[in-house]
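File shown: coords_35.txt. Contents: compact mmCIF, C-alpha atoms.
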# COMPACT_ATOMS: atom_id res chain seq x y z
CA PRO Q 419 125.50 122.09 68.77
CA TYR Q 420 124.71 119.24 71.16
CA LEU Q 421 121.28 118.45 69.73
CA LYS Q 422 120.72 116.54 66.49
CA PHE Q 423 117.80 117.37 64.18
CA GLU Q 424 116.45 115.91 60.96
CA GLN Q 425 114.57 117.79 58.27
CA GLU Q 426 110.95 116.86 57.58
CA ASP Q 427 109.20 116.80 54.21
CA ASN Q 428 107.46 120.10 54.98
CA GLY Q 429 110.79 121.84 55.53
CA GLY Q 430 110.61 121.81 59.31
CA TYR Q 431 112.96 120.06 61.70
CA THR Q 432 112.39 117.32 64.29
CA LEU Q 433 114.69 116.64 67.20
CA ARG Q 434 116.40 113.26 66.83
CA GLY Q 435 118.34 113.28 70.08
CA GLY Q 436 121.17 114.61 72.16
CA PRO Q 437 122.82 114.36 75.60
CA LEU Q 438 120.45 114.23 78.56
CA ASP Q 439 121.39 117.65 79.96
CA ALA Q 440 120.87 119.21 76.53
CA LEU Q 441 117.42 117.59 76.24
CA ILE Q 442 116.47 118.99 79.66
CA ALA Q 443 117.72 122.46 78.71
CA TYR Q 444 115.76 122.31 75.45
CA ALA Q 445 112.57 121.39 77.34
CA ALA Q 446 113.09 124.52 79.48
CA SER Q 447 113.68 126.72 76.43
CA THR Q 448 112.01 130.13 76.16
CA SER Q 449 110.99 129.48 72.54
CA LYS Q 450 107.33 128.72 71.86
CA SER Q 451 108.39 126.44 69.00
CA VAL Q 452 109.45 123.77 71.49
CA ASN Q 453 106.02 123.44 73.15
CA GLN Q 454 105.26 120.08 71.55
CA TYR Q 455 108.73 118.81 72.39
CA THR Q 456 108.23 119.88 76.02
CA GLU Q 457 104.99 117.88 76.14
CA ALA Q 458 106.79 114.84 74.71
CA PHE Q 459 109.65 115.28 77.18
CA LEU Q 460 107.31 115.56 80.18
CA SER Q 461 105.46 112.43 79.08
CA THR Q 462 108.54 110.27 78.49
CA TYR Q 463 111.38 111.54 80.69
CA TYR Q 464 110.71 108.63 83.08
CA THR Q 465 112.51 106.39 80.57
CA LEU Q 466 115.62 108.57 80.79
CA ILE Q 467 115.91 109.78 84.38
CA THR Q 468 114.06 109.45 87.69
CA PRO Q 469 111.76 112.30 88.77
CA ASP Q 470 114.03 113.07 91.75
CA GLU Q 471 117.09 113.32 89.51
CA LEU Q 472 115.26 115.58 87.05
CA ILE Q 473 114.09 117.86 89.86
CA SER Q 474 117.66 118.10 91.17
CA LYS Q 475 118.95 119.09 87.72
CA LEU Q 476 116.22 121.70 87.29
CA LEU Q 477 116.97 123.16 90.72
CA TYR Q 478 120.65 123.40 89.80
CA ARG Q 479 119.65 125.15 86.57
CA LEU Q 480 117.45 127.58 88.53
CA HIS Q 481 120.31 128.51 90.87
CA HIS Q 482 122.69 128.99 87.95
CA PHE Q 483 120.51 131.33 85.89
CA TYR Q 484 119.33 133.22 88.93
CA LYS Q 485 122.94 134.02 89.85
CA GLU Q 486 123.72 134.92 86.24
CA ALA Q 487 120.77 137.31 86.14
CA GLN Q 488 122.05 139.13 89.25
CA LEU Q 489 125.42 139.77 87.56
CA TYR Q 490 123.85 141.55 84.59
CA GLN Q 491 121.04 143.58 86.08
CA THR Q 492 121.25 146.41 83.50
CA THR Q 493 122.05 144.49 80.34
CA GLU Q 494 120.28 142.33 77.81
CA ALA Q 495 121.88 139.30 79.44
CA PHE Q 496 119.80 139.96 82.54
CA HIS Q 497 116.57 139.67 80.58
CA SER Q 498 117.83 136.59 78.75
CA ASN Q 499 118.85 134.80 81.97
CA THR Q 500 115.63 135.85 83.67
CA ALA Q 501 113.57 134.39 80.80
CA VAL Q 502 115.42 131.07 81.05
CA TRP Q 503 114.97 131.09 84.82
CA GLN Q 504 111.22 131.62 84.46
CA ALA Q 505 110.92 128.88 81.81
CA THR Q 506 112.82 126.49 84.07
CA THR Q 507 110.55 127.38 86.97
CA SER Q 508 107.51 126.64 84.82
CA LEU Q 509 108.93 123.28 83.76
CA LEU Q 510 109.78 122.39 87.37
CA ALA Q 511 106.27 123.28 88.47
CA ARG Q 512 104.77 120.96 85.85
CA VAL Q 513 107.08 118.12 86.87
CA LEU Q 514 105.99 118.57 90.49
CA THR Q 515 102.32 118.87 89.56
CA ASN Q 516 102.41 115.56 87.69
CA LEU Q 517 104.48 113.81 90.35
CA ARG Q 518 102.63 110.86 91.90
CA ALA Q 519 105.19 110.16 94.62
CA PRO Q 520 106.42 112.28 97.57
CA LEU Q 521 109.47 114.48 97.05
CA ILE Q 522 112.72 113.40 98.60
CA LYS Q 523 113.87 115.44 101.61
CA GLU Q 524 116.88 116.95 99.79
CA ALA Q 525 114.68 118.44 97.06
CA LYS Q 526 112.36 120.02 99.63
CA ILE Q 527 115.32 121.61 101.44
CA THR Q 528 116.77 123.00 98.18
CA LEU Q 529 113.44 124.53 97.17
CA ILE Q 530 113.02 126.18 100.55
CA GLU Q 531 116.58 127.53 100.36
CA LEU Q 532 115.89 128.97 96.91
CA LEU Q 533 112.74 130.67 98.17
CA HIS Q 534 114.67 132.12 101.11
CA THR Q 535 117.33 133.53 98.75
CA LEU Q 536 114.73 135.24 96.59
CA LEU Q 537 113.03 136.82 99.59
CA THR Q 538 116.35 137.97 101.06
CA ASP Q 539 117.38 139.60 97.76
CA GLY Q 540 114.05 141.37 97.49
CA HIS Q 541 112.76 139.51 94.45
CA LEU Q 542 109.21 139.20 95.75
CA LYS Q 543 107.69 138.58 92.32
CA PHE Q 544 109.91 135.55 91.70
CA ALA Q 545 109.44 134.38 95.27
CA GLN Q 546 105.66 134.46 94.82
CA LEU Q 547 106.00 132.52 91.57
CA ILE Q 548 108.03 129.82 93.30
CA ARG Q 549 105.68 129.67 96.24
CA LYS Q 550 102.60 129.54 94.05
CA GLU Q 551 103.86 126.98 91.55
CA VAL Q 552 106.21 124.89 93.65
CA VAL Q 553 106.25 125.19 97.44
CA GLU Q 554 102.50 124.78 97.87
CA LYS Q 555 102.82 121.37 96.20
CA LEU Q 556 105.53 120.10 98.53
CA ASP Q 557 103.26 118.95 101.34
CA GLN Q 558 100.54 117.51 99.16
CA LYS Q 559 99.73 114.02 100.38
CA ILE Q 560 98.83 111.33 97.90
CA PRO Q 561 95.70 109.59 99.18
CA GLU Q 562 95.50 105.82 99.13
CA PHE Q 563 93.47 104.60 96.17
CA ILE Q 564 90.65 102.27 97.15
CA PRO Q 565 88.82 101.15 93.99
CA LEU Q 566 85.09 101.66 93.89
CA SER Q 567 84.77 98.00 92.94
CA VAL Q 568 86.32 97.10 96.29
CA ALA Q 569 84.60 99.79 98.34
CA MET Q 570 81.07 99.10 97.07
CA CYS Q 571 80.86 95.76 95.31
CA SER Q 572 82.15 93.69 98.20
CA ASN Q 573 80.00 95.52 100.74
CA SER Q 574 76.75 95.19 98.81
CA LYS Q 575 76.73 91.57 97.69
CA SER Q 576 73.42 90.62 96.16
CA ASN Q 577 71.64 87.37 95.43
CA ARG Q 578 70.43 88.77 92.13
CA VAL Q 579 71.88 87.54 88.83
CA ILE Q 580 72.96 89.33 85.67
CA THR Q 581 69.75 88.52 83.76
CA ASP Q 582 67.78 90.53 86.35
CA PHE Q 583 69.12 93.79 84.88
CA ASP Q 584 68.96 95.76 81.66
CA ALA Q 585 72.01 95.55 79.37
CA SER Q 586 72.48 99.32 79.17
CA GLU Q 587 72.46 99.67 82.96
CA ILE Q 588 74.95 96.83 83.37
CA ALA Q 589 77.19 98.53 80.79
CA LYS Q 590 76.92 101.83 82.63
CA GLN Q 591 77.98 100.26 85.93
CA MET Q 592 80.89 98.51 84.22
CA THR Q 593 81.91 101.89 82.80
CA ILE Q 594 81.80 103.50 86.24
CA LEU Q 595 84.14 100.83 87.61
CA ASP Q 596 86.48 101.01 84.61
CA ALA Q 597 86.65 104.80 84.81
CA ASP Q 598 87.50 104.60 88.50
CA TYR Q 599 90.61 102.58 87.63
CA PHE Q 600 91.46 104.28 84.33
CA TYR Q 601 91.69 107.87 85.62
CA GLN Q 602 94.15 106.70 88.28
CA VAL Q 603 96.61 105.28 85.74
CA ASP Q 604 99.60 107.53 85.20
CA ILE Q 605 101.42 107.55 81.88
CA SER Q 606 104.70 106.99 83.70
CA GLU Q 607 103.42 103.59 84.85
CA MET Q 608 102.82 102.54 81.26
CA LEU Q 609 106.38 103.48 80.31
CA TYR Q 610 107.79 101.70 83.36
CA TRP Q 611 105.77 98.61 82.49
CA ALA Q 612 107.03 98.52 78.90
CA LYS Q 613 110.61 98.89 80.10
CA GLU Q 614 110.74 96.69 83.20
CA HIS Q 615 107.37 94.89 83.63
CA ASN Q 616 107.70 95.84 87.30
CA GLU Q 617 104.34 95.67 89.10
CA GLU Q 618 105.69 97.57 92.13
CA LYS Q 619 106.38 100.61 89.95
CA CYS Q 620 103.00 100.29 88.24
CA PRO Q 621 100.45 99.70 91.05
CA LYS Q 622 97.48 101.51 89.44
CA LEU Q 623 98.14 100.01 86.01
CA THR Q 624 98.46 96.55 87.54
CA MET Q 625 95.13 96.97 89.33
CA PHE Q 626 93.47 98.08 86.10
CA THR Q 627 94.79 95.13 84.08
CA MET Q 628 93.86 92.69 86.87
CA HIS Q 629 90.35 94.16 86.81
CA PHE Q 630 90.17 93.53 83.05
CA ASN Q 631 91.24 89.91 83.53
CA SER Q 632 88.74 89.39 86.34
CA VAL Q 633 85.89 90.76 84.22
CA SER Q 634 86.84 88.46 81.35
CA LEU Q 635 87.00 85.35 83.57
CA TRP Q 636 83.76 86.36 85.29
CA CYS Q 637 82.00 86.56 81.91
CA GLN Q 638 83.38 83.17 80.89
CA THR Q 639 82.17 81.67 84.17
CA ARG Q 640 78.66 83.05 83.64
CA LEU Q 641 78.51 81.68 80.08
CA LEU Q 642 79.73 78.26 81.26
CA GLU Q 643 77.49 77.93 84.30
CA LYS Q 644 76.76 74.35 85.25
CA ASP Q 645 73.30 72.84 84.77
CA LEU Q 646 72.15 75.70 82.55
CA GLU Q 647 69.70 74.91 79.75
CA TRP Q 648 71.09 75.66 76.30
CA LYS Q 649 68.32 78.16 75.51
CA LYS Q 650 69.13 80.07 78.68
CA ARG Q 651 72.83 79.92 77.84
CA GLU Q 652 72.15 81.43 74.42
CA LYS Q 653 69.92 84.06 76.01
CA LEU Q 654 72.79 84.95 78.33
CA MET Q 655 75.15 85.23 75.37
CA LEU Q 656 72.72 87.60 73.62
CA LEU Q 657 72.65 89.69 76.79
CA PHE Q 658 76.44 89.99 76.75
CA ILE Q 659 76.31 91.04 73.09
CA SER Q 660 73.76 93.72 74.04
CA ILE Q 661 76.01 94.86 76.90
CA MET Q 662 78.89 95.21 74.44
CA LYS Q 663 76.69 97.33 72.18
CA SER Q 664 75.89 99.65 75.09
CA LEU Q 665 79.56 99.77 76.11
CA ARG Q 666 80.39 100.96 72.59
CA GLU Q 667 77.78 103.70 72.95
CA TYR Q 668 79.43 104.74 76.22
CA SER Q 669 82.86 104.70 74.48
CA ASN Q 670 84.11 102.08 76.94
CA PHE Q 671 86.43 99.90 74.89
CA ASN Q 672 87.98 98.31 77.97
CA SER Q 673 85.01 96.27 79.21
CA TYR Q 674 83.93 95.84 75.59
CA LEU Q 675 87.18 93.97 74.94
CA ALA Q 676 87.01 92.15 78.28
CA ILE Q 677 83.65 90.64 77.35
CA LEU Q 678 84.74 89.92 73.78
CA SER Q 679 87.91 88.19 75.00
CA ALA Q 680 85.70 85.96 77.15
CA ILE Q 681 83.47 85.13 74.20
CA GLU Q 682 86.45 84.51 71.93
CA SER Q 683 88.21 82.30 74.48
CA ALA Q 684 88.65 78.67 73.43
CA ASN Q 685 86.40 77.55 76.28
CA VAL Q 686 83.43 79.55 75.00
CA SER Q 687 83.99 79.87 71.26
CA ARG Q 688 84.20 76.07 70.74
CA LEU Q 689 80.53 75.68 71.65
CA ASP Q 690 77.89 75.44 68.94
CA TRP Q 691 76.28 78.85 69.10
CA SER Q 692 73.28 79.73 66.92
CA ASP Q 693 73.47 81.69 63.68
CA ARG Q 694 71.85 84.63 65.44
CA ILE Q 695 74.70 84.81 67.91
CA THR Q 696 77.33 84.33 65.22
CA LYS Q 697 75.74 87.19 63.28
CA GLY Q 698 75.67 89.39 66.39
CA LEU Q 699 79.40 88.87 66.91
CA GLU Q 700 80.43 89.92 63.41
CA GLU Q 701 80.80 93.62 64.25
CA PRO Q 702 82.75 93.11 67.52
CA ARG Q 703 85.06 90.62 65.83
CA ALA Q 704 85.68 93.03 62.94
CA LEU Q 705 86.51 95.83 65.38
CA ILE Q 706 89.25 93.87 67.11
CA ASP Q 707 90.61 92.23 63.95
CA SER Q 708 94.40 92.14 64.46
CA ARG Q 709 95.17 92.70 60.78
CA GLY Q 710 96.88 95.99 59.97
CA SER Q 711 98.04 96.39 63.58
CA PHE Q 712 94.42 96.53 64.79
CA LYS Q 713 93.57 99.13 62.16
CA ASN Q 714 89.79 98.98 62.73
CA TYR Q 715 90.06 99.55 66.48
CA ARG Q 716 92.56 102.39 66.05
CA GLN Q 717 90.32 104.13 63.54
CA ALA Q 718 87.27 103.72 65.78
CA PHE Q 719 89.08 105.11 68.81
CA ALA Q 720 90.53 108.01 66.80
CA GLN Q 721 86.96 109.07 66.01
CA THR Q 722 85.92 108.85 69.68
CA LYS Q 723 85.76 111.93 71.89
CA PRO Q 724 86.23 111.96 75.67
CA PRO Q 725 84.90 110.79 78.00
CA CYS Q 726 86.09 107.42 76.81
CA ILE Q 727 88.06 104.44 78.07
CA PRO Q 728 90.50 102.81 75.64
CA TYR Q 729 91.67 99.23 75.61
CA ILE Q 730 94.94 99.97 77.37
CA GLY Q 731 96.46 96.57 76.56
CA LEU Q 732 97.01 97.57 72.93
CA TYR Q 733 99.02 100.64 73.91
CA LEU Q 734 101.10 98.59 76.33
CA GLN Q 735 101.82 96.26 73.43
CA ASP Q 736 102.89 99.23 71.29
CA LEU Q 737 105.17 100.58 74.03
CA THR Q 738 106.74 97.17 74.61
CA PHE Q 739 107.51 96.96 70.89
CA LEU Q 740 109.00 100.48 70.89
CA GLU Q 741 111.17 99.59 73.86
CA GLU Q 742 113.12 97.27 71.54
CA GLN Q 743 114.36 100.25 69.53
CA PRO Q 744 117.89 101.59 70.26
CA THR Q 745 118.23 103.89 73.28
CA ARG Q 746 121.16 105.79 71.71
CA LEU Q 747 121.83 107.24 68.28
CA GLU Q 748 124.63 106.12 66.00
CA ASP Q 749 127.24 108.10 67.93
CA GLY Q 750 126.59 105.94 70.98
CA VAL Q 751 126.23 109.05 73.18
CA SER Q 752 123.13 110.95 72.10
CA ILE Q 753 119.82 109.74 73.49
CA ASN Q 754 117.47 108.56 70.76
CA PHE Q 755 114.58 110.98 71.23
CA GLY Q 756 112.96 109.73 68.04
CA LYS Q 757 112.04 106.68 70.11
CA ARG Q 758 110.50 109.00 72.72
CA TRP Q 759 108.49 110.82 70.04
CA LYS Q 760 106.88 107.50 69.12
CA GLN Q 761 106.27 106.67 72.78
CA PHE Q 762 104.67 110.08 73.24
CA LYS Q 763 102.33 109.55 70.29
CA SER Q 764 101.23 106.25 71.83
CA VAL Q 765 100.64 107.45 75.40
CA ASP Q 766 99.06 110.67 74.13
CA HIS Q 767 95.98 108.61 73.26
CA ILE Q 768 95.69 107.75 76.96
CA ARG Q 769 96.32 111.29 78.09
CA PHE Q 770 93.69 112.54 75.62
CA ALA Q 771 91.14 110.03 76.93
CA GLN Q 772 91.77 111.21 80.50
CA THR Q 773 91.06 114.88 79.74
CA LYS Q 774 87.33 114.54 80.42
CA GLN Q 775 85.50 112.34 82.92
CA TYR Q 776 82.04 110.83 82.77
CA LEU Q 777 79.27 113.13 83.97
CA SER Q 778 77.21 112.92 87.12
CA ASP Q 779 74.46 110.84 85.45
CA TYR Q 780 76.83 107.87 85.83
CA GLN Q 781 75.95 106.97 89.39
CA PRO Q 782 76.78 103.68 91.16
CA ASP Q 783 73.90 101.23 91.49
CA PRO Q 784 74.40 99.11 94.65
CA ASN Q 785 72.22 96.32 93.27
CA ILE Q 786 74.26 95.82 90.11
CA LEU Q 787 77.57 96.38 91.87
CA GLY Q 788 76.54 93.84 94.47
CA MET Q 789 75.75 91.39 91.71
CA PHE Q 790 79.26 91.97 90.27
CA ASN Q 791 80.78 91.36 93.74
CA ASN Q 792 84.05 92.83 92.47
CA PHE Q 793 84.04 90.11 89.77
CA LYS Q 794 85.54 87.70 92.28
CA ASP Q 795 83.09 84.88 91.57
CA HIS Q 796 84.92 83.25 88.69
CA GLU Q 797 86.67 79.98 87.99
CA ASN Q 798 90.23 79.51 86.72
CA ASN Q 799 90.95 78.52 83.15
CA GLU Q 800 91.41 74.84 83.96
CA GLU Q 801 87.99 74.58 85.58
CA LEU Q 802 86.40 76.58 82.76
CA TYR Q 803 87.86 74.14 80.23
CA LYS Q 804 86.32 71.23 82.16
CA ARG Q 805 82.95 72.95 82.14
CA SER Q 806 83.24 73.55 78.41
CA LEU Q 807 83.91 69.84 77.83
CA GLU Q 808 80.92 68.93 79.98
CA ILE Q 809 78.72 71.07 77.75
CA LYS Q 810 80.27 69.84 74.51
CA PRO Q 811 82.53 66.79 74.77
CA SER Q 812 85.64 66.74 72.60
CA ASN Q 813 85.96 64.38 69.60
CA ARG Q 814 88.35 62.25 71.66
CA GLN Q 815 85.77 61.93 74.44
CA LYS Q 816 83.09 61.03 71.91
CA ALA Q 817 85.30 58.38 70.33
CA ALA Q 818 86.12 56.89 73.74
CA THR Q 819 82.43 56.75 74.60
CA THR Q 820 81.62 55.04 71.29
CA GLN Q 821 84.32 52.37 71.81
CA THR Q 822 83.04 51.47 75.24
As structure tokens, please, write out the structure in this file.
Amino acid sequence: PYLKFEQEDNGGYTLRGGPLDALIAYAASTSKSVNQYTEAFLSTYYTLITPDELISKLLYRLHHFYKEAQLYQTTEAFHSNTAVWQATTSLLARVLTNLRAPLIKEAKITLIELLHTLLTDGHLKFAQLIRKEVVEKLDQKIPEFIPLSVAMCSNSKSNRVITDFDASEIAKQMTILDADYFYQVDISEMLYWAKEHNEEKCPKLTMFTMHFNSVSLWCQTRLLEKDLEWKKREKLMLLFISIMKSLREYSNFNSYLAILSAIESANVSRLDWSDRITKGLEEPRALIDSRGSFKNYRQAFAQTKPPCIPYIGLYLQDLTFLEEQPTRLEDGVSINFGKRWKQFKSVDHIRFAQTKQYLSDYQPDPNILGMFNNFKDHENNEELYKRSLEIKPSNRQKAATTQT
């Protein structure tokens, strides 16, 4: 009675919302029909409650149904309460498995007390289930993430330049670095970012987006190098176009968009590029056309199978837009889970992309990584604009020169 549903066109029903405790109970239901809802709940509960608070509520639920089961050991109620207890245990185990932060001390103590109760009462089967799915995860330490771009690029700086290497190999090394960041990003960080834009709560996501920005500025800097002959500049642009083509083959949309954003920047795009280059950019520009909510990109990514790396910025934009929708339903009490369904559909693209990693034939090349040097060798936008004007003066500069 606490949950609100709406009927779909096919005759089925979709959960619209309800009180928080009812949503948690529904996620721990014994019915197989709620599997998709449980996945949506696990992906989006961060917007409703902290992990520690959810774990505390699940532990309370475990204690309650365990005690209830002991009162009805010879009746149907025993089996019903036991089934709910097991479903809650399974949900708790998944919450703990996906947890990226250490458990608070109180939760550890409660779990140990629960295990002790089960052993004392002789319920070895349940005790083993708790130990296997929960307790063994308590002392797991989360290692510090040191990006490969930091670990290798900075320690293998090279005097070689980008034109010394093949486009496909450059693209492969960019994919290795992107993947290193991407597989560290947790969906919870994306939801936190859309809600609060808090970098402290989104350290891995922040590192990934900063990497994207550094790659884009690095590419701009290379294309606007000082004292570079125009033919060599155009040759460099053609190399970047070839790199993008290889990135597309590797299903790496992140670096693909980083390079394209550099090319499409005002500093670079204002230059008089040849027809060959303009022709070569038609396909990339069509892919990222913003019309129809980036319809072309979404269709292309929907047809892509893992391993792949999406352009995560688009999904952050979607989540930020969804965050503007009401948190509560019309009654002012029930949580609007329809909003969470939409959030789940968005982040599910990221989760899907993370299901399979790139194979062992993607190995770091110290020479190319050294040439990247963690993409630190780039100028800021103000300096890049000055360089662009040095290559092609503005109309105002031309007019001033003519007058003098």
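Each of Q:Lys475, Q:Phe793, Q:Pro725, Q:Thr456 was compared to Q:Leu438 using only C-alpha atoms, and Q:Lys475 turns out to be the nearest.
Proximity to Q:Ser752 was assessed for Q:Val452, Q:Ala771, Q:Leu665, Q:Leu466 counting only C-alpha atoms; the smallest distance is recorded for Q:Leu466.
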In the coordinates of the file, take the point (104.0, 118.7, 80.7) and a cut-off of 6 Å; then, counting all atoms listed in the file, name each qualifying protein, DNA or RNA residue as a CSV table (one decimal) with C-alpha atoms, keeping the file's coordinate frame.
chain,number,residue,atom,x,y,z
Q,457,GLU,CA,105.0,117.9,76.1
Q,460,LEU,CA,107.3,115.6,80.2
Q,512,ARG,CA,104.8,121.0,85.8
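The interatomic distance for the pair atom CA of Q:His767 and atom CA of Q:Pro728 works out to 8.3 Å.
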* To do: For stretch 446-449 of chain Q, work out the shell of residues within 9 Å, counting all atoms listed in the file and skipping chain neighbours fewer than 5 positions away, then give it as a ChimeraX atom specification.
  => /Q:441,456,476,501-510
* Structure fact -> Between atom CA of Q:Asp795 and atom CA of Q:Lys663 lies a distance of 23.9 Å
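Minimum atom-to-atom distance to Q:Met628, evaluated using only C-alpha atoms, belongs to Q:Gly731 out of Q:Gly436, Q:Gly429, Q:Gly756, Q:Gly731.
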* Asked: Taking all atoms listed in the file into account, which of Q:Glu647, Q:Asp749, Q:Asp690, Q:Asp539 comes nearest Q:Tyr420?
  -> Q:Asp749
* Please return, as JSON, numbers by chain, all polymer residues that have at least one atom within 10 Å of the point (122.9, 108.9, 70.4); use all atoms listed in the file and the file's own coordinate frame. => {"Q": [421, 422, 434, 435, 436, 437, 744, 745, 746, 747, 748, 749, 750, 751, 752, 753, 754, 755]}
Using all atoms listed in the file, what table do you get, as JSON lines, when you list each residue of stretch 592-652 of chain Q with an atom no more than 9 Å from stretch 739-743 of chain Q, its nearest pair of atoms, and their distance in Å rounded to one decimal, rows by chain then rising number?
{"residue": "Q:Leu609", "atom": "CA", "partner": "Q:Glu741", "partner_atom": "CA", "distance": 8.9}
{"residue": "Q:Ala612", "atom": "CA", "partner": "Q:Glu741", "partner_atom": "CA", "distance": 6.6}
{"residue": "Q:Lys613", "atom": "CA", "partner": "Q:Glu741", "partner_atom": "CA", "distance": 6.3}
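Residues in contact with stretch 605-607 of chain Q at up to 7 Å, not including ones fewer than 2 positions away on its chain and judged by all atoms listed in the file, are Ser461, Tyr464, Val603, Leu609, Tyr610, Trp611, Lys619, Cys620, Leu623 and Val765 of chain Q.
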* Two-atom distance - atom CA of Q:Gln735, atom CA of Q:Glu614 (Å) -> 13.2 Å
* Counting only C-alpha atoms, the option among Q:Asn798, Q:Thr627, Q:Gln425, Q:Thr468 closest to Q:Leu642 -> Q:Asn798
Output: stretch 458-480 of chain Q of the preceding structure, restricted to C-alpha atoms, written as a CSV table (one decimal), in the first residue's frame.
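Final output, saved to out18.csv:
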chain,number,residue,atom,x,y,z
Q,458,ALA,CA,18.0,0.4,-10.6
Q,459,PHE,CA,17.9,0.8,-6.8
Q,460,LEU,CA,21.5,-0.4,-6.4
Q,461,SER,CA,22.7,2.0,-9.1
Q,462,THR,CA,20.9,5.1,-7.8
Q,463,TYR,CA,20.4,4.8,-4.0
Q,464,TYR,CA,23.3,7.2,-3.5
Q,465,THR,CA,20.9,10.0,-4.4
Q,466,LEU,CA,18.5,8.9,-1.6
Q,467,ILE,CA,20.6,7.7,1.3
Q,468,THR,CA,24.3,7.3,2.2
Q,469,PRO,CA,25.8,3.8,1.9
Q,470,ASP,CA,26.4,3.7,5.7
Q,471,GLU,CA,22.7,4.6,6.4
Q,472,LEU,CA,21.5,1.9,3.9
Q,473,ILE,CA,23.7,-0.7,5.5
Q,474,SER,CA,22.3,0.1,8.9
Q,475,LYS,CA,18.8,-0.2,7.7
Q,476,LEU,CA,19.5,-3.5,6.0
Q,477,LEU,CA,21.2,-4.8,9.2
Q,478,TYR,CA,18.1,-3.8,11.2
Q,479,ARG,CA,15.9,-5.6,8.7
Q,480,LEU,CA,18.1,-8.7,9.0
